[in-house]
>>> print(open('my_file36.txt').read())   # compact mmCIF, C-alpha atoms and all ligand atoms
# COMPACT_ATOMS: atom_id res chain seq x y z
CA MET A 3 70.24 8.60 16.57
CA THR A 4 67.40 6.67 18.19
CA ALA A 5 63.86 7.89 18.54
CA GLY A 6 63.63 7.33 22.32
CA ASP A 7 61.58 10.00 24.04
CA ASN A 8 62.58 12.45 21.34
CA GLN A 9 59.45 11.64 19.38
CA ILE A 10 57.77 14.42 17.43
CA PRO A 11 54.24 13.30 16.51
CA PHE A 12 52.53 14.48 13.36
CA LEU A 13 49.55 15.64 15.44
CA ASP A 14 49.04 15.86 19.20
CA LEU A 15 45.77 17.28 20.53
CA THR A 16 46.53 16.92 24.25
CA GLY A 17 47.66 20.57 24.52
CA VAL A 18 44.49 22.08 23.06
CA ASN A 19 42.30 19.67 24.99
CA ARG A 20 44.01 20.50 28.28
CA GLU A 21 43.32 24.20 27.74
CA VAL A 22 39.56 23.68 27.48
CA ALA A 23 39.12 20.74 29.86
CA ASP A 24 37.68 22.69 32.83
CA GLU A 25 35.30 24.73 30.73
CA VAL A 26 34.08 21.64 28.89
CA ARG A 27 33.50 19.75 32.13
CA THR A 28 31.37 22.58 33.55
CA GLY A 29 29.36 22.86 30.33
CA TRP A 30 28.86 19.10 30.07
CA ASP A 31 27.64 18.87 33.70
CA GLU A 32 24.91 21.36 32.85
CA ILE A 33 23.85 19.41 29.76
CA VAL A 34 23.73 16.13 31.63
CA ARG A 35 21.65 17.83 34.34
CA THR A 36 19.12 19.22 31.84
CA ALA A 37 19.32 16.25 29.42
CA ARG A 38 19.15 18.54 26.35
CA PHE A 39 21.57 16.45 24.33
CA VAL A 40 20.49 17.37 20.82
CA GLY A 41 19.92 21.00 19.87
CA GLY A 42 19.12 23.43 22.66
CA ASP A 43 20.89 26.53 23.97
CA ALA A 44 24.45 25.26 23.66
CA VAL A 45 23.94 24.61 19.94
CA THR A 46 22.16 27.93 19.27
CA ARG A 47 24.86 29.79 21.16
CA PHE A 48 27.68 28.18 19.21
CA GLU A 49 25.87 28.78 15.90
CA ALA A 50 25.59 32.50 16.70
CA GLU A 51 29.25 32.70 17.74
CA TRP A 52 30.43 30.86 14.64
CA ALA A 53 28.40 33.04 12.24
CA GLN A 54 29.72 36.16 13.89
CA TYR A 55 33.29 34.87 13.73
CA CYS A 56 33.00 34.04 10.02
CA GLY A 57 31.25 37.30 9.14
CA THR A 58 27.97 35.75 7.95
CA GLU A 59 24.38 36.16 9.06
CA TYR A 60 23.82 32.54 9.97
CA ALA A 61 25.50 29.29 10.92
CA VAL A 62 23.68 25.96 10.92
CA GLY A 63 25.27 23.15 12.91
CA VAL A 64 25.23 19.71 11.33
CA ALA A 65 26.69 16.31 12.11
CA ASN A 66 29.92 16.61 10.09
CA GLY A 67 31.59 18.46 7.22
CA THR A 68 30.51 15.96 4.58
CA ASP A 69 26.85 16.51 5.47
CA ALA A 70 27.43 20.28 5.42
CA LEU A 71 28.53 20.00 1.77
CA HIS A 72 25.89 17.48 0.75
CA LEU A 73 23.01 19.39 2.38
CA VAL A 74 24.12 22.74 0.95
CA LEU A 75 24.24 21.33 -2.57
CA ARG A 76 20.78 19.82 -2.21
CA GLY A 77 19.50 22.96 -0.50
CA LEU A 78 20.71 25.02 -3.46
CA GLY A 79 18.78 22.76 -5.79
CA ILE A 80 21.81 21.01 -7.27
CA GLY A 81 21.13 17.44 -8.32
CA PRO A 82 20.79 15.07 -11.27
CA GLY A 83 21.87 16.63 -14.57
CA ASP A 84 23.98 19.28 -12.85
CA GLU A 85 27.75 19.50 -12.74
CA VAL A 86 29.89 20.94 -9.98
CA VAL A 87 33.54 21.92 -10.47
CA VAL A 88 35.91 20.80 -7.72
CA PRO A 89 39.71 20.49 -7.38
CA ALA A 90 40.92 16.90 -7.80
CA ASN A 91 43.42 17.23 -4.93
CA THR A 92 40.99 17.47 -2.05
CA PHE A 93 39.84 15.21 0.75
CA VAL A 94 37.44 12.75 -0.84
CA ALA A 95 34.44 14.17 1.03
CA THR A 96 34.17 17.21 -1.26
CA VAL A 97 33.65 14.96 -4.27
CA GLU A 98 31.60 12.41 -2.38
CA ALA A 99 29.10 15.11 -1.38
CA ILE A 100 28.59 16.10 -5.02
CA VAL A 101 27.85 12.50 -6.01
CA LEU A 102 25.59 12.00 -2.96
CA ALA A 103 23.58 15.02 -4.10
CA GLY A 104 23.05 13.26 -7.43
CA ALA A 105 25.24 15.68 -9.39
CA VAL A 106 28.40 15.07 -11.40
CA PRO A 107 31.86 16.28 -10.31
CA ARG A 108 34.07 18.02 -12.86
CA PHE A 109 37.69 18.01 -11.79
CA ALA A 110 39.93 21.08 -11.90
CA ASP A 111 43.71 21.24 -11.83
CA VAL A 112 45.65 23.55 -9.51
CA ASP A 113 48.52 26.00 -9.39
CA GLU A 114 51.82 24.17 -8.88
CA ARG A 115 53.20 26.48 -6.18
CA THR A 116 50.13 26.74 -3.94
CA LEU A 117 48.33 23.54 -5.01
CA LEU A 118 45.15 25.66 -5.00
CA VAL A 119 42.62 26.17 -7.75
CA THR A 120 42.66 29.49 -9.61
CA ALA A 121 39.92 31.21 -11.58
CA ASP A 122 41.62 29.84 -14.73
CA THR A 123 41.86 26.21 -13.62
CA LEU A 124 38.23 26.29 -12.47
CA LYS A 125 37.09 27.92 -15.71
CA ALA A 126 38.82 25.23 -17.76
CA ALA A 127 36.52 22.62 -16.18
CA VAL A 128 33.24 24.51 -16.65
CA THR A 129 30.69 23.17 -19.16
CA PRO A 130 27.14 24.29 -20.05
CA ALA A 131 25.84 21.88 -17.38
CA THR A 132 27.93 23.43 -14.58
CA LYS A 133 25.85 24.92 -11.76
CA ALA A 134 28.40 25.56 -9.02
CA LEU A 135 32.08 25.95 -8.17
CA ILE A 136 33.54 24.51 -4.97
CA PRO A 137 36.99 25.95 -4.28
CA VAL A 138 38.70 24.09 -1.43
CA HIS A 139 40.86 26.08 1.02
CA LEU A 140 43.42 23.31 0.93
CA TYR A 141 45.81 22.95 3.88
CA GLY A 142 44.10 26.03 5.36
CA GLN A 143 44.93 28.53 2.64
CA MET A 144 42.24 30.33 0.64
CA PRO A 145 42.72 30.66 -3.12
CA ASP A 146 42.16 34.03 -4.81
CA LEU A 147 38.51 34.36 -3.87
CA THR A 148 38.23 37.81 -5.47
CA ALA A 149 38.98 36.35 -8.89
CA ILE A 150 36.95 33.21 -8.26
CA ALA A 151 33.87 35.14 -7.06
CA THR A 152 34.13 37.35 -10.16
CA LEU A 153 34.29 34.26 -12.37
CA ALA A 154 31.24 32.76 -10.64
CA ASP A 155 29.31 36.00 -11.18
CA GLU A 156 30.32 36.25 -14.83
CA LEU A 157 29.27 32.68 -15.56
CA GLY A 158 26.17 32.76 -13.35
CA LEU A 159 27.43 29.92 -11.14
CA MET A 160 26.88 29.38 -7.44
CA LEU A 161 29.96 29.56 -5.26
CA VAL A 162 30.27 27.16 -2.30
CA GLU A 163 33.43 27.23 -0.19
CA ASP A 164 34.84 24.02 1.24
CA ALA A 165 36.37 25.68 4.31
CA ALA A 166 36.79 22.45 6.28
CA GLN A 167 40.52 23.15 6.76
CA ALA A 168 40.35 26.92 6.98
CA HIS A 169 38.80 28.04 10.28
CA GLY A 170 39.91 31.65 10.69
CA ALA A 171 41.81 31.92 7.40
CA THR A 172 41.36 35.14 5.44
CA TRP A 173 41.59 36.33 1.86
CA ASP A 174 42.08 40.09 1.47
CA GLY A 175 41.22 40.47 5.16
CA ARG A 176 37.89 38.64 4.93
CA ARG A 177 37.30 35.35 6.70
CA ALA A 178 36.84 31.99 5.04
CA GLY A 179 33.14 31.33 4.77
CA SER A 180 32.11 34.88 3.95
CA PHE A 181 32.71 34.78 0.18
CA GLY A 182 30.45 32.01 -1.07
CA ARG A 183 26.70 31.67 -1.28
CA ALA A 184 27.44 29.20 1.51
CA ALA A 185 30.53 27.66 3.10
CA CYS A 186 31.03 24.31 4.75
CA PHE A 187 33.09 23.56 7.83
CA SER A 188 34.12 20.33 9.50
CA PHE A 189 34.87 20.19 13.22
CA TYR A 190 36.44 16.73 13.06
CA PRO A 191 38.85 16.50 16.04
CA GLY A 192 41.99 17.07 13.95
CA LYS A 193 40.76 20.29 12.29
CA ASN A 194 41.86 23.71 13.58
CA LEU A 195 38.55 23.97 15.44
CA GLY A 196 37.79 20.40 16.43
CA ALA A 197 35.07 18.77 18.50
CA PHE A 198 35.48 15.70 20.72
CA GLY A 199 33.91 13.66 17.93
CA ASP A 200 32.24 14.49 14.62
CA ALA A 201 30.58 17.87 13.97
CA GLY A 202 30.18 20.38 11.16
CA ALA A 203 28.45 23.61 10.13
CA VAL A 204 27.25 25.63 7.17
CA VAL A 205 27.63 29.41 7.21
CA THR A 206 25.65 31.65 4.88
CA SER A 207 23.73 34.90 4.73
CA ASP A 208 20.94 33.33 2.63
CA ALA A 209 17.87 33.17 4.89
CA ARG A 210 15.95 30.87 2.55
CA LEU A 211 18.81 28.36 2.48
CA VAL A 212 18.99 28.44 6.27
CA GLU A 213 15.29 27.66 6.55
CA LEU A 214 15.78 24.63 4.29
CA LEU A 215 18.91 23.43 6.10
CA LEU A 216 17.24 23.66 9.51
CA SER A 217 14.53 21.41 8.17
CA MET A 218 16.77 19.08 6.16
CA ARG A 219 19.13 18.35 9.08
CA ASP A 220 16.08 17.22 11.05
CA HIS A 221 14.34 14.76 8.68
CA GLY A 222 12.77 17.54 6.64
CA ARG A 223 10.62 18.45 9.61
CA ALA A 224 8.44 21.56 9.31
CA GLN A 225 10.08 24.10 11.62
CA ASN A 226 7.25 26.53 12.28
CA ALA A 227 4.00 24.68 11.80
CA VAL A 228 1.86 24.67 14.96
CA ASP A 229 1.69 20.92 15.00
CA GLY A 230 4.80 20.39 12.89
CA HIS A 231 6.58 17.75 14.88
CA PHE A 232 5.54 14.97 12.53
CA GLN A 233 5.10 17.06 9.42
CA HIS A 234 7.90 16.35 6.93
CA ASP A 235 7.78 18.57 3.87
CA VAL A 236 11.15 17.97 2.23
CA LEU A 237 13.55 15.06 1.96
CA GLY A 238 15.91 15.43 4.87
CA THR A 239 18.19 13.29 6.95
CA ASN A 240 19.43 13.08 10.52
CA SER A 241 22.35 15.48 10.70
CA ARG A 242 22.03 17.43 13.92
CA LEU A 243 24.84 18.92 15.98
CA ASP A 244 24.78 17.57 19.51
CA ALA A 245 25.01 19.83 22.52
CA LEU A 246 28.09 18.20 24.05
CA GLN A 247 30.06 19.00 20.89
CA ALA A 248 28.71 22.58 20.79
CA VAL A 249 30.09 23.15 24.32
CA VAL A 250 33.54 21.98 23.20
CA LEU A 251 33.41 24.16 20.09
CA SER A 252 32.42 27.32 22.01
CA ALA A 253 35.27 26.75 24.47
CA LYS A 254 37.81 26.17 21.70
CA LEU A 255 36.60 29.08 19.55
CA LYS A 256 37.82 31.56 22.21
CA ARG A 257 41.34 30.23 21.64
CA LEU A 258 41.24 29.65 17.88
CA ASP A 259 43.04 32.87 16.86
CA GLU A 260 45.81 32.26 19.35
CA TRP A 261 46.23 28.67 18.17
CA ASN A 262 46.28 29.76 14.53
CA ALA A 263 48.94 32.37 15.38
CA SER A 264 51.03 29.61 16.91
CA ARG A 265 50.63 27.53 13.73
CA ARG A 266 51.67 30.57 11.68
CA ARG A 267 54.89 30.89 13.70
CA LEU A 268 55.65 27.21 13.16
CA ARG A 269 55.07 27.55 9.43
CA ALA A 270 57.51 30.48 9.44
CA VAL A 271 60.12 28.24 11.09
CA TYR A 272 59.66 25.69 8.33
CA ALA A 273 59.79 28.40 5.64
CA GLU A 274 63.01 29.81 7.03
CA ARG A 275 64.75 26.58 7.82
CA ILE A 276 63.85 24.08 5.08
CA ASP A 277 66.46 24.13 2.34
CA PRO A 278 64.57 24.91 -0.90
CA ALA A 279 66.92 22.54 -2.68
CA ALA A 280 65.73 19.73 -0.37
CA ALA A 281 61.97 20.25 -0.35
CA THR A 282 59.46 22.84 -1.55
CA LEU A 283 57.05 24.17 1.05
CA VAL A 284 53.61 24.97 -0.38
CA ASP A 285 53.67 28.67 -1.22
CA GLU A 286 51.60 31.39 0.38
CA LEU A 287 49.63 33.75 -1.81
CA GLU A 288 49.95 37.48 -1.34
CA GLY A 289 46.66 38.58 0.22
CA SER A 290 46.11 35.33 2.06
CA ALA A 291 46.51 34.59 5.76
CA GLY A 292 46.04 30.89 6.28
CA SER A 293 44.83 28.81 9.18
CA TYR A 294 47.98 26.70 8.66
CA HIS A 295 46.03 23.49 9.07
CA LEU A 296 48.78 21.42 7.46
CA ALA A 297 52.43 22.15 6.62
CA VAL A 298 52.96 20.40 3.31
CA VAL A 299 56.16 20.09 1.28
CA GLN A 300 56.85 18.52 -2.09
CA VAL A 301 59.88 16.27 -1.99
CA ASP A 302 61.53 13.72 -4.28
CA ASP A 303 61.69 10.10 -3.14
CA ARG A 304 58.89 10.91 -0.69
CA ASP A 305 58.26 7.44 0.74
CA ARG A 306 61.93 6.91 1.52
CA VAL A 307 62.24 10.35 3.16
CA ARG A 308 59.10 9.66 5.16
CA ALA A 309 60.43 6.32 6.40
CA ASP A 310 63.75 7.89 7.39
CA LEU A 311 61.96 10.64 9.33
CA ALA A 312 59.86 7.98 11.06
CA ALA A 313 63.04 6.10 11.99
CA GLU A 314 64.17 9.24 13.78
CA GLY A 315 60.86 9.55 15.64
CA ILE A 316 59.30 12.24 13.43
CA GLY A 317 55.70 11.61 12.38
CA THR A 318 54.38 12.82 9.03
CA GLY A 319 51.21 12.45 6.96
CA ILE A 320 50.22 12.44 3.28
CA HIS A 321 47.40 14.71 2.10
CA TYR A 322 46.40 13.17 -0.18
CA ALA A 323 47.96 10.03 -1.57
CA ALA A 324 45.58 9.71 -4.52
CA PRO A 325 43.81 12.45 -6.50
CA CYS A 326 40.03 12.01 -6.39
CA HIS A 327 39.61 11.63 -10.16
CA LEU A 328 41.73 8.47 -10.00
CA MET A 329 39.71 6.85 -7.18
CA ALA A 330 37.42 3.96 -8.11
CA PRO A 331 34.04 5.57 -7.30
CA TYR A 332 34.88 8.81 -9.19
CA ALA A 333 37.09 7.69 -12.07
CA GLU A 334 34.10 7.55 -14.40
CA HIS A 335 33.84 11.34 -14.04
CA ALA A 336 37.48 12.03 -14.97
CA SER A 337 37.79 13.92 -18.22
CA GLY A 338 41.42 14.20 -19.16
CA GLU A 339 44.71 14.68 -17.45
CA LEU A 340 45.33 17.07 -14.59
CA PRO A 341 49.11 17.51 -14.86
CA VAL A 342 49.81 19.44 -11.65
CA VAL A 343 47.60 17.34 -9.41
CA GLU A 344 48.96 14.13 -10.87
CA ALA A 345 52.63 15.15 -10.75
CA SER A 346 52.44 16.42 -7.16
CA ALA A 347 50.52 13.55 -5.56
CA GLY A 348 53.53 11.28 -5.14
CA ARG A 349 55.69 14.10 -3.76
CA LEU A 350 53.44 15.40 -0.96
CA LEU A 351 54.55 15.15 2.64
CA SER A 352 52.80 16.78 5.61
CA LEU A 353 55.13 17.79 8.45
CA PRO A 354 54.16 17.97 12.15
CA MET A 355 51.78 20.90 12.71
CA PHE A 356 49.68 21.63 15.79
CA PRO A 357 49.48 24.67 18.11
CA HIS A 358 51.48 23.19 20.98
CA LEU A 359 54.35 21.91 18.84
CA GLY A 360 57.54 23.53 20.15
CA THR A 361 59.63 25.86 18.00
CA GLN A 362 62.69 23.73 18.66
CA ASP A 363 60.81 20.64 17.53
CA ALA A 364 59.87 22.36 14.27
CA GLU A 365 63.50 23.37 13.83
CA ARG A 366 64.57 19.79 14.36
CA VAL A 367 62.02 18.54 11.82
CA ALA A 368 63.35 21.00 9.22
CA ASP A 369 66.99 20.15 9.97
CA ARG A 370 66.41 16.40 9.83
CA LEU A 371 64.42 16.76 6.60
CA ASN A 372 67.29 18.70 5.01
CA ALA A 373 69.84 16.14 6.20
CA ILE A 374 67.81 13.12 5.09
CA VAL A 375 67.18 14.50 1.63
CA ALA A 376 70.88 15.37 1.25
CA ARG A 377 71.77 11.81 2.27
CA THR A 378 69.20 10.08 0.00
CA SER A 379 70.08 12.15 -3.04
CA ARG A 380 73.80 11.50 -2.74
C1 LIG B 401 37.60 17.11 6.75
C2 LIG B 401 37.18 17.57 5.42
C3 LIG B 401 35.88 17.37 4.93
C4 LIG B 401 34.86 16.48 5.59
O1 LIG B 401 34.57 16.75 6.90
P1 LIG B 401 34.03 15.57 7.86
O2 LIG B 401 33.65 16.33 9.09
O3 LIG B 401 35.17 14.64 8.09
O4 LIG B 401 32.88 14.94 7.21
C5 LIG B 401 35.54 17.92 3.72
N1 LIG B 401 36.44 18.62 2.99
C6 LIG B 401 37.70 18.81 3.41
C7 LIG B 401 38.64 19.60 2.55
C8 LIG B 401 38.12 18.28 4.63
O5 LIG B 401 39.39 18.47 5.02
>>> encode(input="my_file36.txt", output="structure tokens", more="lines below")
Ligand SMILES: *Cc1c(COP(=O)(O)O)cnc(C)c1O
Amino acid sequence: MTAGDNQIPFLDLTGVNREVADEVRTGWDEIVRTARFVGGDAVTRFEAEWAQYCGTEYAVGVANGTDALHLVLRGLGIGPGDEVVVPANTFVATVEAIVLAGAVPRFADVDERTLLVTADTLKAAVTPATKALIPVHLYGQMPDLTAIATLADELGLMLVEDAAQAHGATWDGRRAGSFGRAACFSFYPGKNLGAFGDAGAVVTSDARLVELLLSMRDHGRAQNAVDGHFQHDVLGTNSRLDALQAVVLSAKLKRLDEWNASRRRLRAVYAERIDPAAATLVDELEGSAGSYHLAVVQVDDRDRVRADLAAEGIGTGIHYAAPCHLMAPYAEHASGELPVVEASAGRLLSLPMFPHLGTQDAERVADRLNAIVARTSR
């Protein structure tokens, strides 16, 4: 079989972009006309919509998801001498933000069926210097936030959600972002809610934190002082959300639930059709409804399987090839083995997953995966 025009890409955003193109063009015309490129009504409007969607009092738009994490940690007073517990199998930005804040990451292992942290794996990494826990809603699925929030309360730790992959996901019927003291989102183009460039947000119901974040994203500028334009009271940075991106995000937010439902159907196709003897799809927890950001399986001989899928025109990804505690900038913070994270890393394979992927394409991916594994293991 040749690839030909039978290609199935790992990710294709043309469908979602086509749906919002007219609305974005109209919104962008207005911004160009008024020249309010940074901040302004479009940003305030999206912030209000996003907070309401997540079930929090506030949302603060920032430049990207990494800044959302970094600014929240600093805004919560976490810095030198403090430790923050984080899963080792996350996108590097979660760990990077901790180090940028001046704190030390402590790496947690995960459950082998969901690849998510649990209250127990987090607790195992806590020390007397720990100030916060950052569960990551990996691949779009929330871990047991009831148990994790209870643990945080018992130990007196702050809870910050890394919800960068989990727009619209729920745990026990409550949306990602509404459990932690604060939660951080990325709107990188490939995320479930993606801008036409970089963007991010923090959601929280902590008014004091919001006040700090509004200032910190804008060079620590005093927000309310009469002549505050050049009054800088805290150490900030430049991490504002631009208006053109806010227009895109508002347009896409109206369709997010529908797109997530489409991803859920595709995940169900994979769950039904992939032979469990060939590959193990990451499990869903009872009580969780994911955003189905990525469809990840664990498979033997991963690189060979991946190359064979590519030869048949099927694109895949790897999330993530290396656990963070083994990466050069963070290895000094590793403190022992993390058996599940380490054993799974070489077996992870992300299958095509995006809202406009056809059901028949997902069926073909599952069938070809089954056939290729059967062939390689013979
Ligand atoms: C994408 C992502 C981030 C970082 O977001 P950026 O907008 O790329 O800075 C952080 N954490 C996780 C889990 C992510 O997937």
>>> closest_atom_pairs(input="my_file36.txt", of="region 153-255 of chain A", to="region 15-37 of chain A", cutoff="9 Å", atoms="all atoms listed in the file", output="Markdown table")
| residue | atom | partner | partner_atom | distance |
| --- | --- | --- | --- | --- |
| A:Pro191 | CA | A:Leu15 | CA | 8.3 |
| A:Gly192 | CA | A:Leu15 | CA | 7.6 |
| A:Phe198 | CA | A:Asn19 | CA | 9.0 |
| A:Ala245 | CA | A:Ile33 | CA | 7.3 |
| A:Leu246 | CA | A:Trp30 | CA | 6.1 |
| A:Val249 | CA | A:Gly29 | CA | 6.1 |
| A:Val250 | CA | A:Val26 | CA | 5.7 |
| A:Ala253 | CA | A:Val22 | CA | 6.1 |
| A:Lys254 | CA | A:Val22 | CA | 6.5 |
>>> residues_near_ligand(input="my_file36.txt", ligand="ligand LIG 401 (chain B)", cutoff="8 Å", atoms="all atoms listed in the file", output="list in words")
Ala65, Asn66, Gly67, Thr68, Asp69, Ala70, Leu71, Thr92, Phe93, Val94, Ala95, Thr96, Val138, His139, Leu140, Tyr141, Asp164, Ala165, Ala166, Gln167, Cys186, Phe187, Ser188, Phe189, Tyr190, Lys193, Asp200, Ala201 and Gly202 of chain A
>>> closest_residue(input="my_file36.txt", among="A:Ile136, A:His335, A:Thr361, A:Gly104", to="Arg265 (chain A)", atoms="only C-alpha atoms")
A:Thr361
>>> residues_around(input="my_file36.txt", residues="Gly317 (chain A)", least_positions_apart="5", cutoff="7 Å", atoms="all atoms listed in the file", output="ChimeraX atom specification")
/A:10-12,312,354
>>> write_last_selection(input="my_file36.txt", atoms="C-alpha atoms", output="mmCIF file, in the frame of the given file")
data_model
loop_
_atom_site.group_PDB
_atom_site.id
_atom_site.type_symbol
_atom_site.label_atom_id
_atom_site.label_comp_id
_atom_site.auth_asym_id
_atom_site.auth_seq_id
_atom_site.Cartn_x
_atom_site.Cartn_y
_atom_site.Cartn_z
ATOM 1 C CA ILE A 10 57.770 14.420 17.430
ATOM 2 C CA PRO A 11 54.240 13.300 16.510
ATOM 3 C CA PHE A 12 52.530 14.480 13.360
ATOM 4 C CA ALA A 312 59.860 7.980 11.060
ATOM 5 C CA PRO A 354 54.160 17.970 12.150
#
>>> closest_atom_pairs(input="my_file36.txt", of="region 70-162 of chain A", to="region 281-287 of chain A", cutoff="8 Å", atoms="all atoms listed in the file", output="JSON lines")
{"residue": "A:Arg115", "atom": "CA", "partner": "A:Asp285", "partner_atom": "CA", "distance": 5.4}
{"residue": "A:Thr116", "atom": "CA", "partner": "A:Asp285", "partner_atom": "CA", "distance": 4.9}
{"residue": "A:Leu117", "atom": "CA", "partner": "A:Val284", "partner_atom": "CA", "distance": 7.2}
{"residue": "A:Gln143", "atom": "CA", "partner": "A:Glu286", "partner_atom": "CA", "distance": 7.6}
{"residue": "A:Pro145", "atom": "CA", "partner": "A:Leu287", "partner_atom": "CA", "distance": 7.7}
>>> residues_around(input="my_file36.txt", residues="Glu114 (chain A)", least_positions_apart="2", cutoff="12 Å", atoms="all atoms listed in the file", output="list in words")
Asn91, Asp111, Val112, Thr116, Leu117, Leu118, Val119, Thr120, Thr123, Thr282, Leu283, Val284, Asp285, Glu286, Val299, Gln300, Leu340, Pro341, Val342, Val343, Glu344, Ala345, Ser346, Ala347, Arg349 and Leu350 of chain A
>>> residues_near_point(input="my_file36.txt", point="(43.1, 34.5, 1.2)", cutoff="10 Å", atoms="only C-alpha atoms", output="list in words")
His139, Gly142, Gln143, Met144, Pro145, Asp146, Leu147, Thr148, Ala168, Ala171, Thr172, Trp173, Asp174, Gly175, Arg176, Arg177, Ala178, Glu286, Leu287, Glu288, Gly289, Ser290, Ala291, Gly292 and Ser293 of chain A
>>> closest_residue(input="my_file36.txt", among="A:Gly81, A:Gly170, A:Gly41, A:Pro325", to="Gln247 (chain A)", atoms="all atoms listed in the file")
A:Gly41
>>> closest_atom_pairs(input="my_file36.txt", of="region 220-338 of chain A", to="region 127-130 of chain A", cutoff="12 Å", atoms="only C-alpha atoms", output="JSON lines")
{"residue": "A:His335", "atom": "CA", "partner": "A:Ala127", "partner_atom": "CA", "distance": 11.8}
{"residue": "A:Ala336", "atom": "CA", "partner": "A:Ala127", "partner_atom": "CA", "distance": 10.7}
{"residue": "A:Ser337", "atom": "CA", "partner": "A:Ala127", "partner_atom": "CA", "distance": 9.0}
{"residue": "A:Gly338", "atom": "CA", "partner": "A:Ala127", "partner_atom": "CA", "distance": 10.2}
>>> write_last_selection(input="my_file36.txt", atoms="C-alpha atoms", output="PDB file, in the coordinates of the input")
ATOM      1  CA  HIS A 335      33.840  11.340 -14.040  1.00  0.00           C
ATOM      2  CA  ALA A 336      37.480  12.030 -14.970  1.00  0.00           C
ATOM      3  CA  SER A 337      37.790  13.920 -18.220  1.00  0.00           C
ATOM      4  CA  GLY A 338      41.420  14.200 -19.160  1.00  0.00           C
TER       5      GLY A 338
END
>>> residues_around(input="my_file36.txt", residues="Asp220 (chain A)", least_positions_apart="3", cutoff="7 Å", atoms="all atoms listed in the file", output="number ranges by chain")
A: 216-217, 223, 238-242
>>> closest_residue(input="my_file36.txt", among="A:Leu371, A:Leu328, A:Leu195, A:Leu359", to="Ile276 (chain A)", atoms="all atoms listed in the file")
A:Leu371
>>> atom_distance(input="my_file36.txt", atom1="CA of Ile150 (chain A)", atom2="CA of Val162 (chain A)")
10.8 Å
>>> closest_residue(input="my_file36.txt", among="A:Gly179, A:Pro278, A:Gly158, A:Gly196", to="Gln54 (chain A)", atoms="all atoms listed in the file")
A:Gly179
>>> closest_residue(input="my_file36.txt", among="A:Gly77, A:Arg38, A:Ala368, A:Leu255", to="Arg219 (chain A)", atoms="all atoms listed in the file")
A:Gly77
>>> atom_distance(input="my_file36.txt", atom1="CA of Ile80 (chain A)", atom2="CA of Glu49 (chain A)")
24.8 Å
>>> atom_distance(input="my_file36.txt", atom1="CA of Asn194 (chain A)", atom2="CA of His169 (chain A)")
6.2 Å
>>> closest_residue(input="my_file36.txt", among="A:Leu75, A:Asn262, A:Ile374, A:Ala203", to="Ala313 (chain A)", atoms="all atoms listed in the file")
A:Ile374
>>> decode(input="my_file36.txt", residues="region 292-300 of chain A", atoms="N, CA, C and O atoms", output="mmCIF file, in the first residue's frame")
data_model
loop_
_atom_site.group_PDB
_atom_site.id
_atom_site.type_symbol
_atom_site.label_atom_id
_atom_site.label_comp_id
_atom_site.auth_asym_id
_atom_site.auth_seq_id
_atom_site.Cartn_x
_atom_site.Cartn_y
_atom_site.Cartn_z
ATOM 1 N N GLY A 292 -12.573 13.810 29.598
ATOM 2 C CA GLY A 292 -11.383 14.506 29.128
ATOM 3 C C GLY A 292 -11.693 15.530 28.056
ATOM 4 O O GLY A 292 -12.832 15.669 27.593
ATOM 5 N N SER A 293 -10.635 16.243 27.657
ATOM 6 C CA SER A 293 -10.728 17.101 26.478
ATOM 7 C C SER A 293 -10.160 16.351 25.275
ATOM 8 O O SER A 293 -10.207 16.841 24.175
ATOM 9 N N TYR A 294 -9.606 15.148 25.542
ATOM 10 C CA TYR A 294 -9.083 14.283 24.474
ATOM 11 C C TYR A 294 -8.102 15.041 23.581
ATOM 12 O O TYR A 294 -8.154 14.976 22.366
ATOM 13 N N HIS A 295 -7.195 15.739 24.256
ATOM 14 C CA HIS A 295 -6.181 16.509 23.523
ATOM 15 C C HIS A 295 -5.297 15.587 22.681
ATOM 16 O O HIS A 295 -5.023 15.878 21.520
ATOM 17 N N LEU A 296 -4.858 14.495 23.267
ATOM 18 C CA LEU A 296 -4.015 13.544 22.553
ATOM 19 C C LEU A 296 -4.549 12.134 22.783
ATOM 20 O O LEU A 296 -5.061 11.833 23.863
ATOM 21 N N ALA A 297 -4.414 11.277 21.771
ATOM 22 C CA ALA A 297 -4.788 9.863 21.903
ATOM 23 C C ALA A 297 -3.497 9.056 21.950
ATOM 24 O O ALA A 297 -2.838 8.857 20.924
ATOM 25 N N VAL A 298 -3.121 8.653 23.159
ATOM 26 C CA VAL A 298 -1.804 8.044 23.360
ATOM 27 C C VAL A 298 -1.950 6.555 23.680
ATOM 28 O O VAL A 298 -2.781 6.176 24.503
ATOM 29 N N VAL A 299 -1.143 5.743 22.999
ATOM 30 C CA VAL A 299 -1.060 4.321 23.334
ATOM 31 C C VAL A 299 0.354 4.006 23.806
ATOM 32 O O VAL A 299 1.297 4.747 23.526
ATOM 33 N N GLN A 300 0.453 2.896 24.541
ATOM 34 C CA GLN A 300 1.770 2.325 24.847
ATOM 35 C C GLN A 300 1.922 1.081 23.978
ATOM 36 O O GLN A 300 1.016 0.243 23.921
#
